[in-house]
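S.K.: File query.pdb follows (PDB, C-alpha atoms):
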```pdb
MODEL        1
ATOM      1  CA  MET A   1       0.000   0.000   0.000
ATOM      2  CA  ILE A   2       1.127   3.515  -0.833
ATOM      3  CA  TYR A   3       0.140   6.528   1.286
ATOM      4  CA  VAL A   4      -0.492   9.681  -0.747
ATOM      5  CA  ASN A   5      -0.802  13.099   0.899
ATOM      6  CA  PHE A   6      -2.804  15.355  -1.426
ATOM      7  CA  SER A   7      -3.484  18.825  -0.055
ATOM      8  CA  ALA A   8      -4.175  21.091  -2.980
ATOM      9  CA  GLU A   9      -6.709  23.090  -4.938
ATOM     10  CA  ILE A  10      -8.374  21.077  -7.706
ATOM     11  CA  ASN A  11      -7.210  22.395 -11.067
ATOM     12  CA  PRO A  12      -5.777  20.913 -14.288
ATOM     13  CA  HIS A  13      -2.204  20.836 -12.943
ATOM     14  CA  THR A  14      -2.956  19.181  -9.597
ATOM     15  CA  SER A  15      -5.495  16.663 -10.903
ATOM     16  CA  GLU A  16      -3.345  15.614 -13.868
ATOM     17  CA  SER A  17      -0.338  15.242 -11.547
ATOM     18  CA  LEU A  18      -2.279  12.886  -9.267
ATOM     19  CA  MET A  19      -3.678  10.877 -12.202
ATOM     20  CA  ASN A  20      -0.187  10.511 -13.684
ATOM     21  CA  PHE A  21       1.274   9.443 -10.339
ATOM     22  CA  LEU A  22      -1.441   6.819  -9.778
ATOM     23  CA  ALA A  23      -0.987   5.457 -13.317
ATOM     24  CA  ASN A  24       2.780   5.176 -12.851
ATOM     25  CA  GLN A  25       2.344   3.348  -9.550
ATOM     26  CA  ILE A  26      -0.204   0.933 -11.026
ATOM     27  CA  ASN A  27       2.172   0.260 -13.918
ATOM     28  CA  THR A  28       4.782  -0.827 -11.355
ATOM     29  CA  GLY A  29       2.318  -3.239  -9.751
ATOM     30  CA  GLU A  30       0.787  -1.188  -6.935
ATOM     31  CA  LYS A  31      -2.740  -2.337  -6.056
ATOM     32  CA  GLU A  32      -3.702  -0.211  -3.045
ATOM     33  CA  PHE A  33      -3.627   3.529  -2.315
ATOM     34  CA  TYR A  34      -4.421   5.359   0.914
ATOM     35  CA  ILE A  35      -5.081   8.990  -0.011
ATOM     36  CA  LEU A  36      -4.880  11.601   2.752
ATOM     37  CA  LEU A  37      -7.046  14.362   1.308
ATOM     38  CA  SER A  38      -7.491  18.012   2.234
ATOM     39  CA  SER A  39      -8.654  20.467  -0.422
ATOM     40  CA  ILE A  40     -10.572  23.712  -0.739
ATOM     41  CA  GLY A  41     -12.051  22.396  -3.990
ATOM     42  CA  GLY A  42     -11.699  24.073  -7.344
ATOM     43  CA  ASN A  43     -12.570  23.279 -10.933
ATOM     44  CA  VAL A  44     -15.678  21.109 -11.432
ATOM     45  CA  LYS A  45     -14.415  19.529 -14.662
ATOM     46  CA  ASP A  46     -11.151  18.456 -13.068
ATOM     47  CA  GLY A  47     -12.885  17.184  -9.926
ATOM     48  CA  VAL A  48     -15.385  15.040 -11.827
ATOM     49  CA  THR A  49     -12.643  13.746 -14.128
ATOM     50  CA  LEU A  50     -10.490  12.779 -11.142
ATOM     51  CA  TYR A  51     -13.481  11.055  -9.482
ATOM     52  CA  ASN A  52     -14.175   8.975 -12.602
ATOM     53  CA  TYR A  53     -10.482   8.204 -13.086
ATOM     54  CA  ILE A  54      -9.981   6.977  -9.518
ATOM     55  CA  LYS A  55     -13.157   4.862  -9.730
ATOM     56  CA  SER A  56     -11.831   3.225 -12.920
ATOM     57  CA  LEU A  57      -8.497   2.137 -11.454
ATOM     58  CA  PRO A  58      -7.759  -1.571 -11.004
ATOM     59  CA  ALA A  59      -6.763  -0.815  -7.408
ATOM     60  CA  LYS A  60      -8.299  -0.313  -3.996
ATOM     61  CA  VAL A  61      -8.419   3.369  -3.052
ATOM     62  CA  ILE A  62      -9.044   4.476   0.533
ATOM     63  CA  MET A  63      -9.791   8.157   1.163
ATOM     64  CA  HIS A  64      -9.163   9.855   4.512
ATOM     65  CA  ASN A  65     -10.164  13.472   5.174
ATOM     66  CA  ILE A  66      -7.284  14.949   7.176
ATOM     67  CA  GLY A  67      -8.505  18.555   7.236
ATOM     68  CA  LEU A  68     -11.017  20.265   5.003
ATOM     69  CA  VAL A  69     -12.751  18.617   2.079
ATOM     70  CA  ASN A  70     -14.683  21.392   0.371
ATOM     71  CA  SER A  71     -16.732  21.894  -2.747
ATOM     72  CA  VAL A  72     -15.793  19.602  -5.657
ATOM     73  CA  ALA A  73     -13.174  17.880  -3.464
ATOM     74  CA  ASN A  74     -16.169  16.057  -1.931
ATOM     75  CA  VAL A  75     -16.730  14.400  -5.307
ATOM     76  CA  ILE A  76     -13.106  13.221  -5.433
ATOM     77  CA  PHE A  77     -13.370  11.996  -1.849
ATOM     78  CA  LEU A  78     -16.397   9.887  -2.815
ATOM     79  CA  ALA A  79     -14.256   7.918  -5.291
ATOM     80  CA  GLY A  80     -12.766   5.983  -2.367
ATOM     81  CA  LYS A  81     -13.891   2.399  -1.843
ATOM     82  CA  GLU A  82     -13.459   3.125   1.871
ATOM     83  CA  ARG A  83     -13.786   6.619   3.323
ATOM     84  CA  TYR A  84     -12.751   7.997   6.717
ATOM     85  CA  ALA A  85     -12.255  11.340   8.464
ATOM     86  CA  VAL A  86     -10.145  12.462  11.378
ATOM     87  CA  ALA A  87     -12.065  13.921  14.324
ATOM     88  CA  HIS A  88     -10.916  17.463  13.562
ATOM     89  CA  SER A  89     -12.047  17.734   9.950
ATOM     90  CA  SER A  90     -15.049  18.948   7.962
ATOM     91  CA  PHE A  91     -16.870  18.697   4.636
ATOM     92  CA  LEU A  92     -18.246  21.852   2.959
ATOM     93  CA  PHE A  93     -20.932  21.715   0.276
ATOM     94  CA  HIS A  94     -22.087  24.659  -1.818
ATOM     95  CA  GLY A  95     -23.596  25.368  -5.209
ATOM     96  CA  VAL A  96     -21.622  25.752  -8.417
ATOM     97  CA  GLY A  97     -20.704  29.262  -9.509
ATOM     98  CA  PHE A  98     -18.397  31.116 -11.860
ATOM     99  CA  ASP A  99     -15.936  33.969 -11.497
ATOM    100  CA  ILE A 100     -16.385  37.175 -13.449
ATOM    101  CA  PRO A 101     -13.216  39.053 -14.343
ATOM    102  CA  GLN A 102     -13.649  42.807 -14.039
ATOM    103  CA  PRO A 103     -14.820  44.660 -16.052
ATOM    104  CA  THR A 104     -17.150  42.237 -17.856
ATOM    105  CA  ARG A 105     -20.221  42.834 -19.932
ATOM    106  CA  LEU A 106     -22.717  39.984 -20.114
ATOM    107  CA  GLU A 107     -25.756  39.960 -22.341
ATOM    108  CA  GLU A 108     -28.770  37.693 -22.088
ATOM    109  CA  LYS A 109     -27.208  35.018 -24.312
ATOM    110  CA  GLU A 110     -24.062  34.741 -22.158
ATOM    111  CA  LEU A 111     -26.033  34.746 -18.902
ATOM    112  CA  LYS A 112     -28.302  31.950 -20.153
ATOM    113  CA  GLU A 113     -25.256  29.957 -21.273
ATOM    114  CA  LYS A 114     -23.541  30.401 -17.887
ATOM    115  CA  MET A 115     -26.736  29.371 -16.092
ATOM    116  CA  LYS A 116     -27.023  26.194 -18.207
ATOM    117  CA  ILE A 117     -23.421  25.293 -17.362
ATOM    118  CA  ILE A 118     -24.042  25.854 -13.644
ATOM    119  CA  GLU A 119     -27.216  23.731 -13.735
ATOM    120  CA  LYS A 120     -25.468  20.927 -15.657
ATOM    121  CA  ASP A 121     -22.441  20.876 -13.357
ATOM    122  CA  GLN A 122     -24.599  20.990 -10.244
ATOM    123  CA  ALA A 123     -26.787  18.128 -11.535
ATOM    124  CA  LEU A 124     -23.688  16.041 -12.284
ATOM    125  CA  ILE A 125     -22.224  16.609  -8.818
ATOM    126  CA  SER A 126     -25.623  15.908  -7.223
ATOM    127  CA  GLU A 127     -25.932  12.588  -9.068
ATOM    128  CA  ILE A 128     -22.522  11.460  -7.822
ATOM    129  CA  ILE A 129     -23.288  12.466  -4.225
ATOM    130  CA  ALA A 130     -26.690  10.716  -4.342
ATOM    131  CA  GLU A 131     -25.118   7.556  -5.786
ATOM    132  CA  GLU A 132     -22.311   7.388  -3.199
ATOM    133  CA  THR A 133     -24.162   8.484  -0.009
ATOM    134  CA  LYS A 134     -27.539   8.147   1.713
ATOM    135  CA  LEU A 135     -28.598  11.655   0.674
ATOM    136  CA  THR A 136     -31.613  12.282  -1.553
ATOM    137  CA  MET A 137     -31.571  14.800  -4.398
ATOM    138  CA  ASP A 138     -33.738  17.162  -2.304
ATOM    139  CA  GLU A 139     -31.289  16.951   0.611
ATOM    140  CA  ILE A 140     -28.369  17.615  -1.740
ATOM    141  CA  LYS A 141     -30.131  20.631  -3.227
ATOM    142  CA  LYS A 142     -30.593  22.001   0.307
ATOM    143  CA  LEU A 143     -26.876  21.370   1.069
ATOM    144  CA  PHE A 144     -25.937  23.459  -1.959
ATOM    145  CA  LEU A 145     -28.397  26.295  -1.335
ATOM    146  CA  GLU A 146     -27.407  26.660   2.313
ATOM    147  CA  ALA A 147     -23.656  26.077   1.804
ATOM    148  CA  GLN A 148     -23.660  23.510   4.606
ATOM    149  CA  THR A 149     -20.618  22.193   6.435
ATOM    150  CA  LYS A 150     -20.752  18.660   7.835
ATOM    151  CA  THR A 151     -18.809  17.428  10.840
ATOM    152  CA  PRO A 152     -17.349  13.913  10.769
ATOM    153  CA  GLU A 153     -20.270  12.736  12.945
ATOM    154  CA  GLU A 154     -22.789  14.182  10.476
ATOM    155  CA  ALA A 155     -20.776  12.809   7.545
ATOM    156  CA  LYS A 156     -21.008   9.320   9.035
ATOM    157  CA  LYS A 157     -24.794   9.573   9.428
ATOM    158  CA  ILE A 158     -25.292  10.493   5.763
ATOM    159  CA  GLY A 159     -22.926   7.815   4.444
ATOM    160  CA  LEU A 160     -20.157  10.166   3.356
ATOM    161  CA  ILE A 161     -17.694   8.230   5.535
ATOM    162  CA  GLN A 162     -17.658   4.792   7.118
ATOM    163  CA  ASP A 163     -15.934   5.886  10.313
ATOM    164  CA  ILE A 164     -14.122   8.617  12.245
ATOM    165  CA  LYS A 165     -10.543   7.649  13.004
ATOM    166  CA  GLU A 166      -7.064   9.064  13.159
ATOM    167  CA  VAL A 167      -4.579   8.246  10.421
ATOM    168  CA  LYS A 168      -2.041   5.580  11.366
ATOM    169  CA  ILE A 169       0.775   5.314   8.840
ATOM    170  CA  PRO A 170       2.818   2.229   9.644
ATOM    171  CA  GLU A 171       6.562   2.521  10.110
ATOM    172  CA  GLY A 172       8.379   1.818   6.854
ATOM    173  CA  ALA A 173       5.335   2.618   4.693
ATOM    174  CA  LYS A 174       5.809   4.231   1.285
ATOM    175  CA  ILE A 175       4.619   7.851   1.599
ATOM    176  CA  PHE A 176       4.313  10.374  -1.222
ATOM    177  CA  SER A 177       3.341  13.991  -0.720
ATOM    178  CA  PHE A 178       2.090  16.314  -3.429
ATOM    179  CA  ILE A 179       3.291  19.870  -2.912
ATOM    180  CA  PHE A 180       2.185  22.523  -5.363
ATOM    181  CA  THR A 181       3.585  26.013  -5.207
ATOM    182  CA  GLN A 182       1.563  28.824  -6.643
ATOM    183  CA  ARG A 183       2.886  29.919  -9.999
ATOM    184  CA  PRO A 184       3.594  33.632 -10.340
ATOM    185  CA  TRP A 185       1.192  35.520 -12.595
ATOM    186  CA  ARG A 186       2.707  37.169 -15.639
TER     187      ARG A 186
ENDMDL
END
```
Translate this file's structure into structure tokens.
M.R.:
Amino acid sequence: MIYVNFSAEINPHTSESLMNFLANQINTGEKEFYILLSSIGGNVKDGVTLYNYIKSLPAKVIMHNIGLVNSVANVIFLAGKERYAVAHSSFLFHGVGFDIPQPTRLEEKELKEKMKIIEKDQALISEIIAEETKLTMDEIKKLFLEAQTKTPEEAKKIGLIQDIKEVKIPEGAKIFSFIFTQRPWR
């Protein structure tokens, strides 16, 4: 088993780096991954892609929330065959949105297009959450509208995790840590 510490925003660079790492490890014969996850979330496309990729792997993947699992990082977390959280952690859910660079002019056509994208992304995330937890679509909609945070105890009740437990990395275990530094803007 390999222990992977992944504490990063979800974007093309971070998600592709994790997918590449997992592929390389599988190609060397690795069959089990224990991912220590903490993420503020990020890009919906990258989060859903990473979820589907992890689910497709011919390996057992265990997810453990070691801090904050927010936004689309919840989708990635749900890819784990087994899922745990440390006592001092949380899960934040909120609706999908988009950033508007200033100044920006939007006409009706662009606003309708943005709204369709938000609705599609939110429906996709909702379907994954409903499939992987005990939550109904109405409960998920309420989570998004109210931007709810779940404690580990609440996460266990709704089927987000199987148990609350501390991480115990055995002595001599293979540990990999993903560290991403912010690139300077040019």
S.K.: So which one's closest to Asp163 in chain A, A:His88, A:Lys45, A:His64, A:Lys120? Using only C-alpha atoms, please.
M.R.: A:His64
S.K.: So, with all atoms listed in the file as the atoms that count, which of A:Glu153, A:Asp99, A:Lys109, A:Phe33 lies closest to Glu82 in chain A?
M.R.: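 Between A:Glu153, A:Asp99, A:Lys109, A:Phe33, the residue approaching Glu82 in chain A most closely is A:Phe33.
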S.K.: In Å, rounded to a single decimal, give me how far CA of Ile129 in chain A is from CA of Leu36 in chain A.
M.R.: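 So the answer is 19.7 Å.
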S.K.: Nearest to Ser71 in chain A among A:Tyr51, A:Phe21, A:Phe176, A:Phe144, with distances taken over only C-alpha atoms: which residue is it?
M.R.: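 Closest candidate: A:Phe144.
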S.K.: Which of these residues is nearest to Ile158 in chain A, using only C-alpha atoms: A:Leu124, A:Phe91, A:Glu110, A:Gly41?
M.R.: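 Looking at the shortest contact to Ile158 in chain A, the residue is A:Phe91.
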S.K.: Taking all atoms listed in the file into account, name the residue in A:Ala59, A:Ile2, A:Leu145, A:Ala23 that is nearest to Ser177 in chain A.
M.R.: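 For Ser177 in chain A, the nearest of the given residues is A:Ile2.
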